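What follows is a single structure, written as structure tokens, with notes after it.
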Amino acid sequence: MTARTVLDAQDIDRAIVRISHEIVEANHGTDNLLILGIPTRGVYLANRIAQAIAKNNPGFELEHSLGRLDVTMFRDDLKSQPNRAISPTQIPVSDITDRTVVLVDDVLFSGRTIRAALDALVTHGRPKAVRLAVLVDRGHRELPIRADYVGKNLPTSVTERISVKLTETDEEQSVVITQ
Amino acid sequence: MKHLLSIDDVSKDEALAILNLATEMREVNTREVRKLPALNGKVVANLFFEDSTRTRISFEIAAKRLSADVVNFTAKGSSVSKGESLKDTVLTLEAMGVDAFVVRHHHSGAPQKIAASNWSKATIINGGDGTHEHPTQALLDALTMRVRLKGASDSGDLAGVRVLIVGDILHSRVARSNALLLRKLGAIVAFAGPSTLLPRTATTLVDEVYFNLDEALENSFDVVMMLRVQSERMNSSFVPNSVEYTALFGLTDERFENLGGKALIMHPGPMNRGLEIASKVADSDSSAISEQVSNGVAVRMAVLYRLLAQESK
């Protein structure tokens, strides 16, 4: 088994800062932004992106703009997967109608998690727009879904594994490809 | 776990997993669209041979919130009144394609009988059988205690919580399931009731047994759960009359005041206001009776999800 580090700790930090700038630029400011992380690691990435936005934009209020969205119950593979743990969903505002929602996940692969997230989001209301930010896009989409903000595009083969490690859950911070 | 027949089959870890899933299901009830697609295409049959308001409607709402289809079968108005047996009733529904039966029956052991037979491949959930068990009631009671005593987001057990269950213990499937589950979760459980309505096994089932309610209430309980006086299972050899029952074992205004608001008041319903519980007590801030009902939907969603979401091997 060969392991190759494709992003180190500093690369990840830089990607998060860049994505945070791109989100604000595309949104023409921070008005009505709602950053939602998809458990598990998407929640930590969403948290870091929101912190980075808040650092450069004093008007950005984290408590009304950062949340998490669990998609387990909306997955299309519930039948074959063992009972997955469900984690809390927190939408920090009561009405998401005028919000531009940015979904955050660690790796974009088949696109099925994002499909589930879009369905989960609809049960909370009808946002103005939904964007997608991911740390790694590894290709092999099975659905017509693409990311708006990408930390790194990684062409991979289907048999390779991508593991994202973040300081919040792991000892180190890196993105590693193993064969 | 394929069936939910008795709390005996539920390990402590499994019980906590159900309670923690139910905690997330409580949140679903606050969304704009209160529906999850997890059980899309599954059929849940409510097979009720005994009357019920709460349990049947609660299972129906829970199944529908998970996008399952629900059929309601009640013995009254069905071919059971023409003499059709339990076996043929199950075979008939099975032939139409049912993934789960929620069974309520006046005979203890009816759900076990269906699960052990080869009548049906469906999942069987006990919705209350005779004087035996009512497992989902115990789970919703445990969730209600945890939310009220430890907070809505707590994910732990009920270690050290003192629970007093009062009334007709002998005929109560709620008391039995609660005793089994609450002790599994670390709570200290006591029974109080007239000696004619306490089973001989009471001392092995719970930690403390009282024949006098006033004496029991002096022992600082965190939860006082009043049971319904089951007139359909009762005759004069158990209790002389209802006035005497209220005087000796009813949670009257006076007894409630002596508790000083320190205990959580629960009742599985349906209530006989003025008999086992005073109306003012049932409507007080200490009462969790309507929360029990709303938690019932969340707990039943959790149970249905855990038993049905995964394809059986």
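Labeling convention for the structure tokens: chains A, B, ... as they appear, residues from 1 per chain, ligands from 1 in order of appearance.
For chain B, the residues no farther than 7 Å from chain A when using only C-alpha atoms are Leu21, Glu24, Arg31, Glu32, Val33, Leu36, Pro37, Ala38, Arg306, Ala309, Gln310 and Glu311 of chain B.
Residues within 12 Å of A:Asn57, counting only C-alpha atoms and excluding same-chain residues fewer than 6 positions away, are Ser20, His21, Ile23, Val24, Glu25, His28, Gly29, Thr30, Asp31, Ala50 and Gln51 of chain A.
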Take the residues just selected and output them with C-alpha atoms as a short mmCIF file (atom, residue, chain, number, x, y, z; two decimals), in the first residue's frame.
```cif
data_model
loop_
_atom_site.label_atom_id
_atom_site.label_comp_id
_atom_site.auth_asym_id
_atom_site.auth_seq_id
_atom_site.Cartn_x
_atom_site.Cartn_y
_atom_site.Cartn_z
CA SER A 20 -13.54 32.06 2.24
CA HIS A 21 -12.43 34.96 -0.01
CA ILE A 23 -17.36 32.94 -1.22
CA VAL A 24 -17.47 36.60 -0.15
CA GLU A 25 -16.42 37.78 -3.62
CA HIS A 28 -20.71 40.54 -3.21
CA GLY A 29 -20.20 40.70 0.54
CA THR A 30 -21.45 38.64 3.46
CA ASP A 31 -25.15 39.60 3.41
CA ALA A 50 -16.85 30.94 8.64
CA GLN A 51 -14.09 32.01 11.06
#
```
Just the alpha helix (DSSP H) stuff from stretch 1-247 of chain B, please, per backbone DSSP, written as a VMD selection string.
chain B and resid 12 to 28 54 to 65 86 to 95 110 to 116 135 to 150 173 to 184 202 to 205 213 to 217 242 to 247
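When the distance limit is 8 Å and only C-alpha atoms are what count, the residues near stretch 11-19 of chain B, minus those fewer than 2 positions from it on the same chain, are Asp8, Asp9, Leu21, Ala22, Thr23, Leu139, Leu143, Ser155, Gly156, Asp157, Lys184, Leu185, Val299, Ala302, Val303 and Arg306 of chain B.
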Requested write-out: N, CA and C atoms of the selected residues, as a PDB file, in the first residue's frame:
```pdb
ATOM      1  N   ASP B   8     -36.733  -6.878  27.722  1.00  0.00           N
ATOM      2  CA  ASP B   8     -35.705  -7.894  27.995  1.00  0.00           C
ATOM      3  C   ASP B   8     -34.747  -8.081  26.818  1.00  0.00           C
ATOM      4  N   ASP B   9     -35.259  -7.906  25.587  1.00  0.00           N
ATOM      5  CA  ASP B   9     -34.420  -8.117  24.395  1.00  0.00           C
ATOM      6  C   ASP B   9     -33.555  -6.905  24.072  1.00  0.00           C
ATOM      7  N   LEU B  21     -31.262   8.589  19.071  1.00  0.00           N
ATOM      8  CA  LEU B  21     -31.875   8.800  17.752  1.00  0.00           C
ATOM      9  C   LEU B  21     -33.180   9.585  17.917  1.00  0.00           C
ATOM     10  N   ALA B  22     -33.943   9.245  18.961  1.00  0.00           N
ATOM     11  CA  ALA B  22     -35.206   9.951  19.222  1.00  0.00           C
ATOM     12  C   ALA B  22     -34.948  11.429  19.506  1.00  0.00           C
ATOM     13  N   THR B  23     -33.823  11.728  20.153  1.00  0.00           N
ATOM     14  CA  THR B  23     -33.470  13.123  20.414  1.00  0.00           C
ATOM     15  C   THR B  23     -33.346  13.891  19.097  1.00  0.00           C
ATOM     16  N   LEU B 139     -39.741   3.328  26.663  1.00  0.00           N
ATOM     17  CA  LEU B 139     -38.703   4.130  26.002  1.00  0.00           C
ATOM     18  C   LEU B 139     -39.082   5.611  25.982  1.00  0.00           C
ATOM     19  N   LEU B 143     -37.149   8.707  27.835  1.00  0.00           N
ATOM     20  CA  LEU B 143     -36.726   9.915  27.113  1.00  0.00           C
ATOM     21  C   LEU B 143     -37.277  11.164  27.795  1.00  0.00           C
ATOM     22  N   SER B 155     -27.111  12.763  26.447  1.00  0.00           N
ATOM     23  CA  SER B 155     -27.089  11.468  25.756  1.00  0.00           C
ATOM     24  C   SER B 155     -26.722  10.325  26.697  1.00  0.00           C
ATOM     25  N   GLY B 156     -26.801  10.568  27.999  1.00  0.00           N
ATOM     26  CA  GLY B 156     -26.388   9.548  28.961  1.00  0.00           C
ATOM     27  C   GLY B 156     -27.538   8.712  29.485  1.00  0.00           C
ATOM     28  N   ASP B 157     -27.265   7.937  30.520  1.00  0.00           N
ATOM     29  CA  ASP B 157     -28.295   7.072  31.099  1.00  0.00           C
ATOM     30  C   ASP B 157     -29.032   7.803  32.242  1.00  0.00           C
ATOM     31  N   LYS B 184     -32.333  -0.924  33.917  1.00  0.00           N
ATOM     32  CA  LYS B 184     -31.245  -1.143  32.948  1.00  0.00           C
ATOM     33  C   LYS B 184     -30.450   0.148  32.743  1.00  0.00           C
ATOM     34  N   LEU B 185     -31.143   1.287  32.788  1.00  0.00           N
ATOM     35  CA  LEU B 185     -30.501   2.580  32.576  1.00  0.00           C
ATOM     36  C   LEU B 185     -29.952   3.167  33.874  1.00  0.00           C
ATOM     37  N   VAL B 299     -39.842   8.731  19.733  1.00  0.00           N
ATOM     38  CA  VAL B 299     -39.315   7.414  20.093  1.00  0.00           C
ATOM     39  C   VAL B 299     -39.766   6.362  19.084  1.00  0.00           C
ATOM     40  N   ALA B 302     -37.785   6.568  15.993  1.00  0.00           N
ATOM     41  CA  ALA B 302     -36.461   5.970  16.198  1.00  0.00           C
ATOM     42  C   ALA B 302     -36.539   4.448  16.120  1.00  0.00           C
ATOM     43  N   VAL B 303     -37.561   3.867  16.745  1.00  0.00           N
ATOM     44  CA  VAL B 303     -37.710   2.406  16.752  1.00  0.00           C
ATOM     45  C   VAL B 303     -37.975   1.900  15.335  1.00  0.00           C
ATOM     46  N   ARG B 306     -34.763   2.152  13.238  1.00  0.00           N
ATOM     47  CA  ARG B 306     -33.727   1.158  13.557  1.00  0.00           C
ATOM     48  C   ARG B 306     -34.127  -0.251  13.115  1.00  0.00           C
TER      49      ARG B 306
END
```
If you run DSSP on the backbone here, which positions in stretch 12-177 of chain A get strand (DSSP E or B)? Please write them as a PyMOL selection string.
chain A and resi 33-37+66-68+90+100-108+129-137+149-153+161-165+174-177
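Taking atom CA of B:Val10 and atom CA of B:Asp129 as the two end points, the separation is 16.9 Å.
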Spatial neighbours of stretch 191-197 of chain B, 12 Å, only C-alpha atoms, chain gap at least 5 places, as a ChimeraX atom specification:
/B:162-172,175-176,178-179,202-217,219,221,223-230,233-240,244-251,276
Show me, as a PDB file with N, CA and C atoms, in the first residue's frame, the residues that have an atom within 9 Å of stretch 43-55 of chain B when counting only C-alpha atoms, minus same-chain residues fewer than 4 positions from it.
```
ATOM      1  N   LEU B  39     -38.018   5.656   5.175  1.00  0.00           N
ATOM      2  CA  LEU B  39     -38.765   4.406   5.027  1.00  0.00           C
ATOM      3  C   LEU B  39     -39.712   4.448   3.826  1.00  0.00           C
ATOM      4  N   PHE B  59     -47.896   5.812  16.523  1.00  0.00           N
ATOM      5  CA  PHE B  59     -47.179   4.967  15.561  1.00  0.00           C
ATOM      6  C   PHE B  59     -47.509   5.403  14.134  1.00  0.00           C
ATOM      7  N   GLU B  60     -48.758   5.780  13.904  1.00  0.00           N
ATOM      8  CA  GLU B  60     -49.152   6.183  12.555  1.00  0.00           C
ATOM      9  C   GLU B  60     -48.427   7.452  12.136  1.00  0.00           C
ATOM     10  N   ALA B  63     -44.660   6.645  11.591  1.00  0.00           N
ATOM     11  CA  ALA B  63     -44.387   5.948  10.329  1.00  0.00           C
ATOM     12  C   ALA B  63     -44.540   6.894   9.147  1.00  0.00           C
ATOM     13  N   ALA B  68     -43.234   6.080   5.392  1.00  0.00           N
ATOM     14  CA  ALA B  68     -43.804   4.745   5.202  1.00  0.00           C
ATOM     15  C   ALA B  68     -45.312   4.869   4.956  1.00  0.00           C
ATOM     16  N   ASP B  69     -45.882   3.843   4.310  1.00  0.00           N
ATOM     17  CA  ASP B  69     -47.337   3.791   4.175  1.00  0.00           C
ATOM     18  C   ASP B  69     -47.894   3.069   5.392  1.00  0.00           C
ATOM     19  N   VAL B  70     -49.058   3.494   5.861  1.00  0.00           N
ATOM     20  CA  VAL B  70     -49.623   2.936   7.083  1.00  0.00           C
ATOM     21  C   VAL B  70     -51.010   2.385   6.802  1.00  0.00           C
ATOM     22  N   VAL B  71     -51.255   1.149   7.237  1.00  0.00           N
ATOM     23  CA  VAL B  71     -52.625   0.645   7.218  1.00  0.00           C
ATOM     24  C   VAL B  71     -53.050   0.379   8.654  1.00  0.00           C
ATOM     25  N   ASN B  72     -54.266   0.749   8.966  1.00  0.00           N
ATOM     26  CA  ASN B  72     -54.773   0.572  10.311  1.00  0.00           C
ATOM     27  C   ASN B  72     -55.785  -0.557  10.336  1.00  0.00           C
ATOM     28  N   PHE B  73     -55.513  -1.532  11.207  1.00  0.00           N
ATOM     29  CA  PHE B  73     -56.439  -2.629  11.386  1.00  0.00           C
ATOM     30  C   PHE B  73     -56.938  -2.578  12.824  1.00  0.00           C
ATOM     31  N   THR B  74     -58.240  -2.510  13.009  1.00  0.00           N
ATOM     32  CA  THR B  74     -58.782  -2.624  14.352  1.00  0.00           C
ATOM     33  C   THR B  74     -59.761  -3.790  14.366  1.00  0.00           C
ATOM     34  N   ALA B  75     -59.716  -4.552  15.456  1.00  0.00           N
ATOM     35  CA  ALA B  75     -60.529  -5.766  15.527  1.00  0.00           C
ATOM     36  C   ALA B  75     -62.003  -5.433  15.323  1.00  0.00           C
ATOM     37  N   LYS B  76     -62.431  -4.316  15.947  1.00  0.00           N
ATOM     38  CA  LYS B  76     -63.828  -3.911  15.776  1.00  0.00           C
ATOM     39  C   LYS B  76     -64.043  -3.478  14.339  1.00  0.00           C
ATOM     40  N   VAL B  80     -62.484 -10.111  12.296  1.00  0.00           N
ATOM     41  CA  VAL B  80     -62.314 -10.748  13.607  1.00  0.00           C
ATOM     42  C   VAL B  80     -63.676 -10.917  14.272  1.00  0.00           C
ATOM     43  N   VAL B  90     -53.200 -12.277  10.377  1.00  0.00           N
ATOM     44  CA  VAL B  90     -51.816 -11.973  10.022  1.00  0.00           C
ATOM     45  C   VAL B  90     -51.496 -12.463   8.612  1.00  0.00           C
ATOM     46  N   LEU B  93     -52.959 -10.083   5.974  1.00  0.00           N
ATOM     47  CA  LEU B  93     -52.219  -8.833   5.796  1.00  0.00           C
ATOM     48  C   LEU B  93     -50.851  -9.099   5.173  1.00  0.00           C
ATOM     49  N   GLY B  97     -48.585  -7.784   1.599  1.00  0.00           N
ATOM     50  CA  GLY B  97     -47.264  -7.162   1.603  1.00  0.00           C
ATOM     51  C   GLY B  97     -47.096  -6.122   2.687  1.00  0.00           C
ATOM     52  N   VAL B  98     -46.690  -6.580   3.861  1.00  0.00           N
ATOM     53  CA  VAL B  98     -46.501  -5.678   4.994  1.00  0.00           C
ATOM     54  C   VAL B  98     -45.077  -5.866   5.511  1.00  0.00           C
ATOM     55  N   ASP B  99     -44.370  -4.765   5.791  1.00  0.00           N
ATOM     56  CA  ASP B  99     -42.988  -4.859   6.283  1.00  0.00           C
ATOM     57  C   ASP B  99     -42.917  -4.903   7.807  1.00  0.00           C
ATOM     58  N   ALA B 100     -43.911  -4.321   8.477  1.00  0.00           N
ATOM     59  CA  ALA B 100     -43.891  -4.349   9.939  1.00  0.00           C
ATOM     60  C   ALA B 100     -45.306  -4.367  10.484  1.00  0.00           C
ATOM     61  N   PHE B 101     -45.491  -5.133  11.547  1.00  0.00           N
ATOM     62  CA  PHE B 101     -46.755  -5.130  12.289  1.00  0.00           C
ATOM     63  C   PHE B 101     -46.514  -4.478  13.646  1.00  0.00           C
ATOM     64  N   VAL B 102     -47.340  -3.495  13.971  1.00  0.00           N
ATOM     65  CA  VAL B 102     -47.374  -2.997  15.344  1.00  0.00           C
ATOM     66  C   VAL B 102     -48.572  -3.684  15.978  1.00  0.00           C
ATOM     67  N   VAL B 103     -48.326  -4.544  16.972  1.00  0.00           N
ATOM     68  CA  VAL B 103     -49.397  -5.393  17.490  1.00  0.00           C
ATOM     69  C   VAL B 103     -49.802  -4.967  18.894  1.00  0.00           C
ATOM     70  N   ARG B 104     -51.082  -4.704  19.058  1.00  0.00           N
ATOM     71  CA  ARG B 104     -51.633  -4.555  20.401  1.00  0.00           C
ATOM     72  C   ARG B 104     -52.699  -5.624  20.574  1.00  0.00           C
ATOM     73  N   HIS B 105     -52.614  -6.362  21.678  1.00  0.00           N
ATOM     74  CA  HIS B 105     -53.535  -7.467  21.887  1.00  0.00           C
ATOM     75  C   HIS B 105     -53.860  -7.595  23.366  1.00  0.00           C
ATOM     76  N   HIS B 106     -55.094  -8.033  23.675  1.00  0.00           N
ATOM     77  CA  HIS B 106     -55.483  -8.183  25.078  1.00  0.00           C
ATOM     78  C   HIS B 106     -54.855  -9.418  25.706  1.00  0.00           C
ATOM     79  N   GLY B 127     -46.981  -3.311  20.654  1.00  0.00           N
ATOM     80  CA  GLY B 127     -47.641  -2.057  21.006  1.00  0.00           C
ATOM     81  C   GLY B 127     -48.484  -2.196  22.264  1.00  0.00           C
ATOM     82  N   GLY B 128     -48.122  -3.178  23.108  1.00  0.00           N
ATOM     83  CA  GLY B 128     -48.851  -3.430  24.347  1.00  0.00           C
ATOM     84  C   GLY B 128     -49.587  -4.745  24.268  1.00  0.00           C
ATOM     85  N   THR B 136     -42.421   0.406  23.876  1.00  0.00           N
ATOM     86  CA  THR B 136     -42.214   1.777  23.387  1.00  0.00           C
ATOM     87  C   THR B 136     -42.687   2.819  24.398  1.00  0.00           C
ATOM     88  N   GLN B 137     -43.660   2.438  25.251  1.00  0.00           N
ATOM     89  CA  GLN B 137     -44.082   3.354  26.316  1.00  0.00           C
ATOM     90  C   GLN B 137     -42.925   3.576  27.302  1.00  0.00           C
ATOM     91  N   GLY B 269     -51.449   7.693  30.462  1.00  0.00           N
ATOM     92  CA  GLY B 269     -52.722   7.933  29.806  1.00  0.00           C
ATOM     93  C   GLY B 269     -53.391   6.614  29.416  1.00  0.00           C
ATOM     94  N   PRO B 270     -54.667   6.581  29.169  1.00  0.00           N
ATOM     95  CA  PRO B 270     -55.597   7.697  29.408  1.00  0.00           C
ATOM     96  C   PRO B 270     -55.840   7.918  30.907  1.00  0.00           C
ATOM     97  N   VAL B 293     -46.538  12.351  25.446  1.00  0.00           N
ATOM     98  CA  VAL B 293     -47.211  12.057  24.187  1.00  0.00           C
ATOM     99  C   VAL B 293     -46.367  12.522  23.000  1.00  0.00           C
ATOM    100  N   GLY B 296     -43.461  10.399  22.436  1.00  0.00           N
ATOM    101  CA  GLY B 296     -43.876   9.104  21.906  1.00  0.00           C
ATOM    102  C   GLY B 296     -43.681   9.022  20.400  1.00  0.00           C
ATOM    103  N   VAL B 297     -43.979  10.113  19.701  1.00  0.00           N
ATOM    104  CA  VAL B 297     -43.800  10.117  18.243  1.00  0.00           C
ATOM    105  C   VAL B 297     -42.308   9.980  17.909  1.00  0.00           C
TER     106      VAL B 297
END
```
